[in-house]
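Novice: Got run-v8.csv for you, CSV, C-alpha atoms:
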```
chain,number,residue,atom,x,y,z
A,1,MET,CA,13.4,-1.3,-22.0
A,2,LYS,CA,10.8,-3.9,-20.9
A,3,LEU,CA,11.4,-5.2,-17.4
A,4,GLY,CA,10.6,-8.7,-16.2
A,5,THR,CA,8.5,-9.1,-13.0
A,6,ASN,CA,11.5,-10.3,-11.0
A,7,GLN,CA,13.6,-7.2,-12.2
A,8,ILE,CA,11.2,-4.4,-11.2
A,9,ASP,CA,12.0,-4.1,-7.5
A,10,GLY,CA,15.7,-4.1,-8.0
A,11,PHE,CA,15.4,-1.6,-10.9
A,12,VAL,CA,13.4,0.8,-8.8
A,13,ARG,CA,15.7,0.6,-5.8
A,14,LYS,CA,18.8,1.2,-7.9
A,15,PRO,CA,18.0,2.5,-11.4
A,16,PRO,CA,20.8,2.4,-13.9
A,17,ALA,CA,23.0,5.5,-14.0
A,18,GLY,CA,22.1,6.2,-17.7
A,19,LEU,CA,18.3,6.2,-17.1
A,20,ARG,CA,16.8,9.3,-18.7
A,21,ALA,CA,13.1,8.4,-18.8
A,22,ALA,CA,10.7,6.0,-17.2
A,23,LEU,CA,7.0,5.2,-17.6
A,24,VAL,CA,5.4,4.0,-14.4
A,25,PHE,CA,1.9,2.6,-14.9
A,26,GLY,CA,-0.6,0.1,-13.6
A,27,GLU,CA,-3.9,-0.5,-11.8
A,28,ASP,CA,-2.4,-0.3,-8.3
A,29,ALA,CA,-2.3,3.5,-7.8
A,30,GLY,CA,-0.5,3.1,-4.4
A,31,LEU,CA,2.3,1.1,-5.9
A,32,VAL,CA,2.6,3.5,-8.9
A,33,ARG,CA,3.0,6.4,-6.5
A,34,GLU,CA,5.5,4.4,-4.4
A,35,ARG,CA,7.7,3.6,-7.5
A,36,VAL,CA,7.5,7.1,-8.9
A,37,ASP,CA,8.7,8.5,-5.6
A,38,ALA,CA,11.5,5.9,-5.4
A,39,LEU,CA,12.8,6.7,-8.9
A,40,ALA,CA,12.6,10.4,-8.3
A,41,LYS,CA,14.5,10.1,-5.0
A,42,SER,CA,17.3,8.4,-6.8
A,43,VAL,CA,18.0,11.8,-8.3
A,44,VAL,CA,16.7,14.4,-5.7
A,45,VAL,CA,16.4,14.4,-2.0
A,46,GLN,CA,13.1,16.3,-1.6
A,47,LEU,CA,10.3,15.9,-4.0
A,48,ASP,CA,8.8,19.3,-3.0
A,49,ASP,CA,12.0,21.2,-4.1
A,50,PRO,CA,10.7,23.7,-6.7
A,51,PHE,CA,14.1,24.1,-8.2
A,52,LEU,CA,14.8,20.5,-8.8
A,53,VAL,CA,11.4,19.0,-9.4
A,54,ALA,CA,9.0,20.1,-12.2
A,55,GLU,CA,5.5,18.8,-12.6
A,56,LEU,CA,3.5,18.7,-15.8
A,57,THR,CA,0.3,16.9,-16.8
A,58,GLY,CA,-0.2,14.6,-19.8
A,59,GLU,CA,-2.6,17.1,-21.2
A,60,GLN,CA,-0.1,19.9,-21.0
A,61,VAL,CA,2.5,17.8,-22.7
A,62,ALA,CA,0.1,16.8,-25.4
A,63,GLU,CA,-1.0,20.5,-26.1
A,64,GLU,CA,2.6,21.9,-25.9
A,65,PRO,CA,5.0,19.1,-26.8
A,66,ALA,CA,8.0,21.4,-26.5
A,67,ARG,CA,7.5,21.9,-22.7
A,68,LEU,CA,8.7,18.4,-22.0
A,69,ALA,CA,12.1,19.1,-23.6
A,70,GLU,CA,12.3,22.6,-22.1
A,71,GLU,CA,11.9,21.3,-18.6
A,72,ALA,CA,14.3,18.4,-19.2
A,73,ALA,CA,16.9,20.8,-20.5
A,74,ALA,CA,16.5,23.5,-17.8
A,75,ILE,CA,19.4,24.1,-15.4
A,76,ALA,CA,18.5,24.4,-11.7
A,77,MET,CA,19.4,27.7,-10.1
A,78,THR,CA,20.8,25.7,-7.1
A,79,GLY,CA,22.7,23.2,-9.2
A,80,GLY,CA,22.1,19.5,-9.4
A,81,ARG,CA,20.2,17.2,-11.6
A,82,ARG,CA,16.5,17.7,-12.0
A,83,VAL,CA,13.4,15.5,-12.2
A,84,VAL,CA,10.4,16.1,-14.5
A,85,LEU,CA,7.2,14.4,-13.4
A,86,VAL,CA,4.4,14.0,-15.9
A,87,ARG,CA,1.1,13.0,-14.2
A,88,ASP,CA,-1.8,11.3,-16.0
A,89,ALA,CA,0.4,10.5,-19.0
A,90,GLY,CA,-1.3,8.9,-22.0
A,91,ASP,CA,-1.1,8.2,-25.7
A,92,LYS,CA,-2.2,11.7,-26.5
A,93,ALA,CA,1.3,12.9,-25.5
A,94,ILE,CA,3.1,10.3,-27.5
A,95,GLY,CA,4.7,12.8,-29.8
A,96,ALA,CA,6.6,14.7,-27.1
A,97,PHE,CA,7.7,11.5,-25.4
A,98,LYS,CA,8.8,9.9,-28.6
A,99,ASP,CA,11.0,12.9,-29.4
A,100,PHE,CA,12.5,12.8,-26.0
A,101,VAL,CA,13.1,9.1,-25.8
A,102,GLU,CA,14.7,9.1,-29.3
A,103,ASP,CA,16.9,12.1,-28.5
A,104,PRO,CA,17.1,13.0,-24.8
A,105,VAL,CA,18.0,16.6,-24.1
A,106,GLY,CA,19.5,18.0,-20.9
A,107,ASP,CA,20.3,15.6,-18.0
A,108,ALA,CA,16.9,15.5,-16.1
A,109,LEU,CA,15.1,12.2,-15.3
A,110,VAL,CA,11.7,12.3,-16.9
A,111,ILE,CA,9.1,10.1,-15.2
A,112,ALA,CA,5.8,9.6,-16.9
A,113,TRP,CA,3.0,8.6,-14.4
A,114,ALA,CA,0.0,6.7,-15.7
A,115,GLY,CA,-2.8,4.4,-14.7
A,116,ALA,CA,-3.5,1.0,-16.4
A,117,LEU,CA,-2.3,0.9,-20.0
A,118,ALA,CA,-3.3,-1.8,-22.4
A,119,SER,CA,-0.5,-3.8,-24.1
A,120,LYS,CA,-1.3,-2.0,-27.4
A,121,SER,CA,-0.9,1.5,-25.8
A,122,ALA,CA,1.5,3.5,-28.0
A,123,LEU,CA,3.1,5.1,-24.9
A,124,ARG,CA,3.7,1.8,-23.3
A,125,LYS,CA,5.1,0.3,-26.5
A,126,LEU,CA,7.5,3.3,-26.9
A,127,PHE,CA,9.1,2.8,-23.5
A,128,GLU,CA,9.1,-1.0,-23.7
A,129,SER,CA,10.9,-1.0,-27.0
A,130,ALA,CA,13.4,1.8,-26.1
A,131,ALA,CA,17.1,1.4,-25.4
A,132,ASN,CA,18.4,1.1,-21.9
A,133,HIS,CA,18.1,4.9,-21.2
A,134,ALA,CA,14.3,4.5,-21.0
A,135,ALA,CA,12.1,1.9,-19.3
A,136,ALA,CA,8.5,0.8,-18.7
A,137,VAL,CA,7.8,0.0,-15.1
A,138,PRO,CA,4.5,-1.9,-14.6
A,139,CYS,CA,2.8,-1.9,-11.3
A,140,TYR,CA,0.7,-5.0,-10.9
A,141,MET,CA,-1.9,-5.6,-8.2
A,142,ASP,CA,-0.3,-7.3,-5.2
A,143,ASP,CA,-1.0,-11.1,-4.9
A,144,ALA,CA,-0.8,-13.0,-1.7
A,145,GLY,CA,3.0,-13.6,-2.0
A,146,ALA,CA,3.7,-9.9,-2.6
A,147,VAL,CA,1.5,-8.9,0.4
A,148,ALA,CA,3.4,-11.5,2.6
A,149,ARG,CA,6.7,-10.1,1.6
A,150,LEU,CA,5.5,-6.5,2.3
A,151,ILE,CA,4.4,-7.6,5.8
A,152,ASP,CA,7.6,-9.4,6.6
A,153,GLU,CA,9.9,-6.7,5.3
A,154,ARG,CA,8.2,-3.9,7.3
A,155,LEU,CA,7.9,-5.9,10.6
A,156,LYS,CA,11.5,-7.0,10.3
A,157,VAL,CA,12.6,-3.3,10.5
A,158,ASP,CA,11.4,-3.1,14.1
A,159,GLY,CA,12.0,-6.8,15.0
A,160,VAL,CA,8.3,-7.4,15.4
A,161,ALA,CA,7.2,-11.1,15.4
A,162,ILE,CA,3.8,-12.2,14.2
A,163,ASP,CA,1.9,-15.4,15.0
A,164,PRO,CA,1.2,-17.6,11.9
A,165,ASP,CA,-2.6,-17.3,12.2
A,166,ALA,CA,-2.3,-13.5,12.5
A,167,HIS,CA,0.0,-13.5,9.4
A,168,ARG,CA,-2.5,-15.5,7.4
A,169,PHE,CA,-5.4,-13.2,8.5
A,170,LEU,CA,-3.4,-10.1,7.5
A,171,ILE,CA,-2.6,-11.5,4.0
A,172,ASP,CA,-6.3,-12.3,3.5
A,173,HIS,CA,-7.6,-8.9,4.6
A,174,LEU,CA,-5.1,-6.4,3.3
A,175,GLY,CA,-6.2,-6.6,-0.3
A,176,SER,CA,-4.1,-5.6,-3.3
A,177,ASP,CA,-3.5,-1.9,-3.1
A,178,ARG,CA,0.1,-1.3,-2.0
A,179,ALA,CA,-0.4,2.1,-0.3
A,180,MET,CA,-3.4,0.9,1.7
A,181,SER,CA,-1.5,-2.3,2.7
A,182,ARG,CA,1.6,-0.4,3.7
A,183,SER,CA,-0.4,2.0,5.9
A,184,GLU,CA,-2.1,-0.9,7.7
A,185,ILE,CA,1.2,-2.7,8.3
A,186,GLU,CA,2.8,0.5,9.5
A,187,LYS,CA,-0.1,0.9,12.0
A,188,LEU,CA,0.5,-2.6,13.3
A,189,ALA,CA,4.2,-2.1,13.7
A,190,LEU,CA,3.7,1.0,15.7
A,191,TYR,CA,1.1,-0.9,17.8
A,192,ALA,CA,3.4,-3.7,18.6
A,193,GLY,CA,6.5,-1.5,19.2
A,194,PRO,CA,10.1,-2.5,18.6
A,195,GLY,CA,10.7,-6.2,19.5
A,196,GLY,CA,6.9,-6.7,20.1
A,197,ARG,CA,4.7,-9.6,19.0
A,198,LEU,CA,1.4,-9.5,17.1
A,199,THR,CA,-1.3,-12.1,17.8
A,200,LEU,CA,-4.5,-12.8,15.9
A,201,GLU,CA,-6.4,-10.7,18.4
A,202,ASP,CA,-4.1,-7.8,17.8
A,203,VAL,CA,-4.4,-8.0,14.1
A,204,THR,CA,-8.1,-8.4,13.9
A,205,ALA,CA,-8.6,-5.5,16.3
A,206,ALA,CA,-6.3,-3.2,14.3
A,207,VAL,CA,-7.2,-4.3,10.7
A,208,GLY,CA,-10.6,-5.7,11.3
A,209,ASP,CA,-12.1,-2.5,9.9
A,210,SER,CA,-15.3,-2.0,8.0
A,211,ALA,CA,-13.6,-2.8,4.6
A,212,ALA,CA,-12.2,-6.1,6.0
A,213,THR,CA,-15.6,-6.9,7.5
A,214,ALA,CA,-17.3,-6.2,4.2
A,215,LEU,CA,-14.9,-8.5,2.4
A,216,ASP,CA,-15.8,-11.3,4.8
A,217,ASP,CA,-19.5,-10.5,4.3
A,218,VAL,CA,-19.1,-10.9,0.5
A,219,ILE,CA,-17.2,-14.2,0.8
A,220,TYR,CA,-19.6,-15.8,3.3
A,221,ALA,CA,-22.8,-14.5,1.7
A,222,ALA,CA,-21.7,-16.0,-1.6
A,223,ALA,CA,-20.7,-19.4,-0.2
A,224,ASP,CA,-23.9,-19.5,1.9
A,225,GLY,CA,-26.1,-18.7,-1.2
A,226,ARG,CA,-27.6,-15.6,0.4
A,227,SER,CA,-28.2,-13.3,-2.6
A,228,ASP,CA,-29.9,-10.4,-0.7
A,229,ALA,CA,-27.0,-10.3,1.8
A,230,LEU,CA,-24.5,-10.6,-1.0
A,231,ASP,CA,-26.0,-7.6,-2.8
A,232,ARG,CA,-25.6,-5.5,0.3
A,233,ALA,CA,-22.1,-6.7,1.0
A,234,ILE,CA,-20.9,-6.1,-2.6
A,235,GLU,CA,-22.4,-2.6,-2.6
A,236,GLN,CA,-20.9,-1.8,0.8
A,237,GLY,CA,-17.5,-3.2,-0.2
A,238,PHE,CA,-17.3,-1.0,-3.3
A,239,ALA,CA,-18.4,2.0,-1.3
A,240,LEU,CA,-15.6,1.4,1.1
A,241,GLY,CA,-13.0,1.3,-1.7
A,242,LEU,CA,-12.6,-2.5,-2.1
A,243,SER,CA,-11.8,-3.4,-5.7
A,244,ALA,CA,-13.3,-6.3,-7.7
A,245,ILE,CA,-10.1,-8.4,-7.8
A,246,PRO,CA,-9.7,-8.9,-4.1
A,247,MET,CA,-13.4,-9.8,-3.8
A,248,VAL,CA,-13.2,-12.7,-6.3
A,249,ARG,CA,-9.6,-13.6,-5.3
A,250,GLN,CA,-10.4,-14.0,-1.6
A,251,THR,CA,-13.7,-15.8,-2.5
A,252,ALA,CA,-11.6,-18.2,-4.6
A,253,ALA,CA,-9.1,-18.7,-1.7
A,254,HIS,CA,-12.1,-19.5,0.6
A,255,LEU,CA,-13.6,-22.0,-1.9
A,256,MET,CA,-10.2,-23.6,-2.5
A,257,ARG,CA,-9.8,-24.2,1.3
A,258,LEU,CA,-13.3,-25.6,1.5
A,259,ARG,CA,-12.5,-28.0,-1.4
A,260,GLN,CA,-9.4,-29.2,0.4
A,261,MET,CA,-11.4,-29.7,3.6
A,262,ARG,CA,-14.1,-31.5,1.7
A,263,GLY,CA,-11.6,-34.2,0.8
A,264,ALA,CA,-11.3,-35.0,4.5
A,265,VAL,CA,-15.1,-35.0,4.9
A,266,ASP,CA,-15.6,-37.4,2.0
A,267,ALA,CA,-13.0,-39.6,3.6
A,268,GLY,CA,-15.2,-39.9,6.7
A,269,ARG,CA,-14.4,-37.1,9.1
A,270,PRO,CA,-17.2,-34.9,10.5
A,271,PRO,CA,-17.2,-31.4,9.1
A,272,LYS,CA,-16.9,-29.8,12.5
A,273,SER,CA,-13.8,-31.9,13.3
A,274,VAL,CA,-12.2,-30.9,10.0
A,275,VAL,CA,-12.9,-27.2,10.6
A,276,ASP,CA,-11.7,-27.3,14.2
A,277,GLY,CA,-8.5,-29.0,13.2
A,278,ALA,CA,-7.7,-26.8,10.2
A,279,ARG,CA,-4.2,-25.3,9.8
A,280,PRO,CA,-3.9,-22.4,9.7
A,281,PRO,CA,-6.8,-22.2,12.2
A,282,VAL,CA,-10.1,-20.9,11.1
A,283,PHE,CA,-11.0,-17.6,12.9
A,284,TRP,CA,-13.4,-18.5,15.7
A,285,LYS,CA,-16.3,-16.4,14.5
A,286,ASN,CA,-16.1,-18.2,11.1
A,287,LYS,CA,-16.1,-21.7,12.3
A,288,ASP,CA,-19.8,-22.3,12.4
A,289,PRO,CA,-20.5,-20.8,9.0
A,290,MET,CA,-17.6,-22.7,7.5
A,291,THR,CA,-18.8,-25.9,9.0
A,292,ALA,CA,-22.3,-25.3,7.6
A,293,GLN,CA,-20.8,-24.7,4.1
A,294,LEU,CA,-18.6,-27.8,4.3
A,295,THR,CA,-21.7,-29.8,5.2
A,296,ARG,CA,-23.8,-28.4,2.3
A,297,LEU,CA,-21.3,-28.0,-0.5
A,298,ASP,CA,-20.1,-31.2,-2.2
A,299,ALA,CA,-16.8,-31.5,-4.2
A,300,ASP,CA,-18.4,-31.0,-7.6
A,301,THR,CA,-20.2,-27.8,-6.5
A,302,LEU,CA,-17.0,-26.4,-4.9
A,303,ALA,CA,-15.0,-27.2,-8.1
A,304,GLU,CA,-17.6,-25.4,-10.3
A,305,ALA,CA,-17.7,-22.4,-7.9
A,306,LEU,CA,-13.9,-22.2,-7.8
A,307,THR,CA,-13.8,-22.1,-11.6
A,308,LEU,CA,-16.2,-19.2,-11.7
A,309,ALA,CA,-14.2,-17.2,-9.2
A,310,LEU,CA,-10.9,-17.8,-11.0
A,311,GLU,CA,-12.3,-17.0,-14.4
A,312,ALA,CA,-13.8,-13.8,-13.0
A,313,GLU,CA,-10.4,-12.7,-11.6
A,314,ALA,CA,-8.8,-13.3,-15.0
A,315,GLN,CA,-11.6,-11.3,-16.7
A,316,CYS,CA,-11.3,-8.4,-14.2
A,317,LYS,CA,-7.6,-8.1,-15.1
A,318,ARG,CA,-8.3,-7.5,-18.8
A,319,SER,CA,-7.9,-4.0,-19.8
A,320,GLY,CA,-11.2,-2.2,-20.2
A,321,ALA,CA,-13.2,-5.0,-18.5
A,322,PRO,CA,-16.2,-3.8,-16.4
A,323,ASP,CA,-14.6,-5.4,-13.3
A,324,GLN,CA,-17.3,-4.6,-10.8
A,325,LEU,CA,-19.9,-6.0,-13.1
A,326,VAL,CA,-17.8,-9.1,-13.8
A,327,ALA,CA,-17.2,-9.7,-10.1
A,328,SER,CA,-20.8,-9.2,-9.0
A,329,ARG,CA,-22.1,-11.6,-11.7
A,330,ALA,CA,-19.6,-14.3,-10.7
A,331,LEU,CA,-20.3,-13.9,-7.0
A,332,HIS,CA,-24.1,-14.3,-7.6
A,333,GLN,CA,-23.5,-17.3,-9.8
A,334,ILE,CA,-21.5,-18.9,-6.9
A,335,ALA,CA,-24.4,-18.0,-4.5
A,336,ALA,CA,-26.8,-19.7,-6.9
A,337,LEU,CA,-24.7,-22.9,-6.9
A,338,ALA,CA,-24.6,-22.8,-3.1
A,339,ARG,CA,-28.4,-22.5,-3.0
A,340,ARG,CA,-28.9,-25.4,-5.4
A,341,ALA,CA,-26.5,-27.6,-3.4
A,342,GLY,CA,-28.4,-26.7,-0.2
A,343,ALA,CA,-31.8,-27.5,-1.8
A,344,LYS,CA,-30.4,-30.8,-3.1
A,345,GLY,CA,-29.1,-31.7,0.3
A,346,ARG,CA,-32.6,-31.2,1.9
A,347,ARG,CA,-34.3,-33.6,-0.4
```
In C-alpha cells, write the structure found in this file.
Specialist:
Amino acid sequence: MKLGTNQIDGFVRKPPAGLRAALVFGEDAGLVRERVDALAKSVVVQLDDPFLVAELTGEQVAEEPARLAEEAAAIAMTGGRRVVLVRDAGDKAIGAFKDFVEDPVGDALVIAWAGALASKSALRKLFESAANHAAAVPCYMDDAGAVARLIDERLKVDGVAIDPDAHRFLIDHLGSDRAMSRSEIEKLALYAGPGGRLTLEDVTAAVGDSAATALDDVIYAAADGRSDALDRAIEQGFALGLSAIPMVRQTAAHLMRLRQMRGAVDAGRPPKSVVDGARPPVFWKNKDPMTAQLTRLDADTLAEALTLALEAEAQCKRSGAPDQLVASRALHQIAALARRAGAKGRR
C-alpha cells in the first residue's frame, strides 16, 4: 500500500488492524526511528521486551530468508502479539520480504527499517504495490510547515506560549531532522515550564548553539560574497551534523526575504528603514549585515541567487546525489554573484 503524504501521520498513529508488514524508510533518520517506534507500540507496550520484540538485520534476512518467517510465526512464552524489527533493510533481502508479504505467517507485525530508498528500489516497490496488509511509510525531511506543527503540538501539551519572532527563529534554526528538532523543542518546553512563555531571547539562548550559529554563518557569508568565510562555515556546519538541505533551504529563505525587501527599496525606501520595519523582525545582530546586503544586491542578482539555491535543494533531494558537493557549489556560486554585485555597485 502506498500512502499519500497527508495519510502518513494518521496511519502511524492508528495503523489498520490487519496490518502485517510495514517498510519505514527515508533520509530523516530521526523521523524513521520515531515512526518505527510508533508502529511497534501499536502492538507491544515495551520495545525492550525480549519475549515480544525480535530484532534482525537486513543482512541476516538476506543470508537466511527463513528467519523472517520463523520469527513472525513464533509464539511468545508470555502470550500476546509480537513485533519483528528488521534494521538496515534493503533490496538484498527482497526474497524473504516478498514471501512474507505475499503469504504472511503467524500474527506478528514485521517492520522493515531502512534509510533512503530510490523509487526504483525493489523493496520499496514491493511494499507500495502490496495489498492493505502491507504498507510503505516514507519519512521525508521536515519542511518549515512540518517544523512549525511540531513546535506548536509540543508546546501546547504544557500550555507554553511563544512570541511570533521566537517562533520564526525556531523554525529557521531547527533544521529538518525530526529527532534533533523534537529534542530542542522538549528542552524549550522544560525551560519555560507549564503555562510559561518563550521570548526571542529565551529561544536564541537555548537553541542558539554552535550548529545554529554555523548555519547563520553559511547564509551570511554566501550573501556577503565572502568565499573564505563560507568555506569555513560550510566545513564547520557539516562537522556539527548540519545536512546540505537545510543549508541551501535556509539560504533560499534568506534570499527570498531580501528579494521581498528589495521591492520596497526600489520603491524609494532606505534599506535601513526597510530592515528595521521588517515583519517578522530581523534579529538584532543581523540587522547591519542584512542592510548591507540589501544595499548591495539588486533584484536581478537576488533572483538569480534564489534560483541557484532552489535548484540545489532539488538536486540534493535526488537519490544518490552528492548533496554536500551540490550545496557547497551552489553556495559558492551565490557568493560569486554577491561579489560581482558589490564590485558593480562600487564603480
Novice: Hey, can you check how far atom CA of Tyr140 of chain A sits from atom CA of Ile334 of chain A?
Specialist: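 Here the two named atoms are 26.5 Å from each other.
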Novice: Excluding Leu39 of chain A and residues on its chain fewer than 4 positions from it, collect all residues at most 10 Å away from it, counting only C-alpha atoms, and give them as a VMD selection string.
Specialist: chain A and resid 11 to 15 19 22 24 34 to 35 43 to 44 83 109 to 111
Novice: Rounded to one decimal in Å, what is the spacing between atom CA of Val275 of chain A and atom CA of Leu200 of chain A?
Specialist: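 Value for the atom CA of Val275 of chain A-atom CA of Leu200 of chain A distance: 17.5 Å.
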Novice: Excluding Glu64 of chain A and residues on its chain fewer than 4 positions from it, collect all residues at most 12 Å away from it, counting only C-alpha atoms, and give them as a count of residues only.
Specialist: 15
Novice: Where's the centre, and what are the edge lengths in Å to one decimal, of a box along x, y and z enclosing all listed atoms of segment 190-198 of chain A padded 4 Å per side, as AutoDock Vina command-line options?
Specialist:
```
--center_x 5.9 --center_y -4.3 --center_z 17.9 --size_x 17.6 --size_y 18.6 --size_z 12.4
```
Novice: Which residue out of A:Gly196, A:Arg154, A:Ser273, A:Val61 has the minimum interatomic distance to Asp99 of chain A when all atoms listed in the file are used?
Specialist: A:Val61
Novice: As an exercise, work out the distance from atom CA of Pro322 of chain A to atom CA of Ser119 of chain A in Å and give it to one decimal place.
Specialist: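 Separation between atom CA of Pro322 of chain A and atom CA of Ser119 of chain A: 17.5 Å.
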Novice: So, with all atoms listed in the file as the atoms that count, which of A:Thr213, A:Ser227, A:Thr204, A:Ser129 lies closest to Gln333 of chain A?
Specialist: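 For Gln333 of chain A, the nearest of the candidates is A:Ser227.
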Novice: Env of Lys187 of chain A: 10 Å cut, atoms = only C-alpha atoms, seq-sep filter 5 positions within chain, self excluded. Answer as a ChimeraX atom specification.
Specialist: /A:181-182,192,206-207
Novice: For a cutoff of 6 Å around the file-coordinate point (-27.5, -14.6, -3.7), which residues qualify once you count all atoms listed in the file? I'd like the result as a PyMOL selection string.
Specialist: chain A and resi 225-228+230+332+335
Novice: Smallest atom-to-atom distance to Gly195 of chain A: which of A:Asp91, A:Asp288, A:Asp48, A:Asp158, using all atoms listed in the file?
Specialist: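 Counting all atoms listed in the file, the residue closest to Gly195 of chain A is A:Asp158.
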Novice: Kindly indicate which residue among A:Asp231, A:Asp88, A:Asp300, A:Glu128 lies nearest to Ala327 of chain A, using all atoms listed in the file for the distances.
Specialist: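 Selected residue with least distance to Ala327 of chain A: A:Asp231.
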Novice: With all atoms listed in the file as the basis for distance, which of A:Met247, A:Leu306, A:Asp165, A:Leu294 is at the shortest distance from Gly263 of chain A?
Specialist: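 Smallest separation from Gly263 of chain A among the options: A:Leu294.
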Novice: Which residue gives the smallest distance to Arg149 of chain A among A:Val36, A:Val203, A:Ile185, A:Ile245, with all atoms listed in the file counted?
Specialist: A:Ile185
Novice: Contacts of Ala244 of chain A at 9 Å or less, counting all atoms listed in the file, minus same-chain residues fewer than 6 places along, as a ChimeraX atom specification?
Specialist: /A:238,313,316,323-328
